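For reference, the structure is listed below as structure tokens.
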Amino acid sequence: MNKPNHILVVVNDREIRQMVADYLHKNGLKVSMAADGREMRATLETSAIDLIVLHLMMPGEDGLV
């Protein structure tokens with residue numbers, strides 16, 4: 001059996017982050033979430049991620065740093 005792709009959703013707005021994660025999960029994907037660049041890097045250090053959905057205009061530390 002194939003394991004589902006693992007998607008990391010990085011969005012600072014909690015409601016939008018949850019909405020995107022719920023949609024992806026309902027479509028059979030494994031989903032992790034992060035609120036900023038710091039959380040994203042911590043997740044990348046501990047998990048194998050196949051794709052990142054990234055909000056570029058986050059306050060503070062964004063995902064491009």
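In the structure tokens, chains take letters A, B, ... by order of appearance, with residues numbered from 1 within each chain and ligands from 1 in the order shown.
Of the residues in chain A, those that DSSP places in helix (DSSP H, G or I) on the basis of the backbone are Arg14, Glu15, Ile16, Arg17, Gln18, Met19, Val20, Ala21, Asp22, Tyr23, Leu24, His25, Lys26, Gly37, Arg38, Glu39, Met40, Arg41, Ala42, Thr43, Leu44, Glu45 and Thr46 of chain A.
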Requested in this report: Excluding Ser32 in chain A and residues on its chain fewer than 4 positions from it, collect all residues at most 7 Å away from it, counting only C-alpha atoms, and give them as a VMD selection string.
Outcome: chain A and resid 7 to 9
Query raised in the report: Skipping near chain neighbours, those fewer than 6 positions away, what residues fall within 12 Å of Glu15 in chain A using only C-alpha atoms, listed as a PyMOL selection string?
Result: chain A and resi 9+21-22+33+35
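Taking CA of Ser47 in chain A and CA of Pro59 in chain A as the two end points, the separation is 24.5 Å.
Considering only C-alpha atoms, the residue among A:Val10, A:Val31, A:Leu24, A:Met19 positioned nearest to Ile49 in chain A is A:Val31.
Proximity of A:Thr46, A:Val11, A:Ile16, A:Ile52 to Ala34 in chain A, computed with only C-alpha atoms, is greatest for A:Val11.
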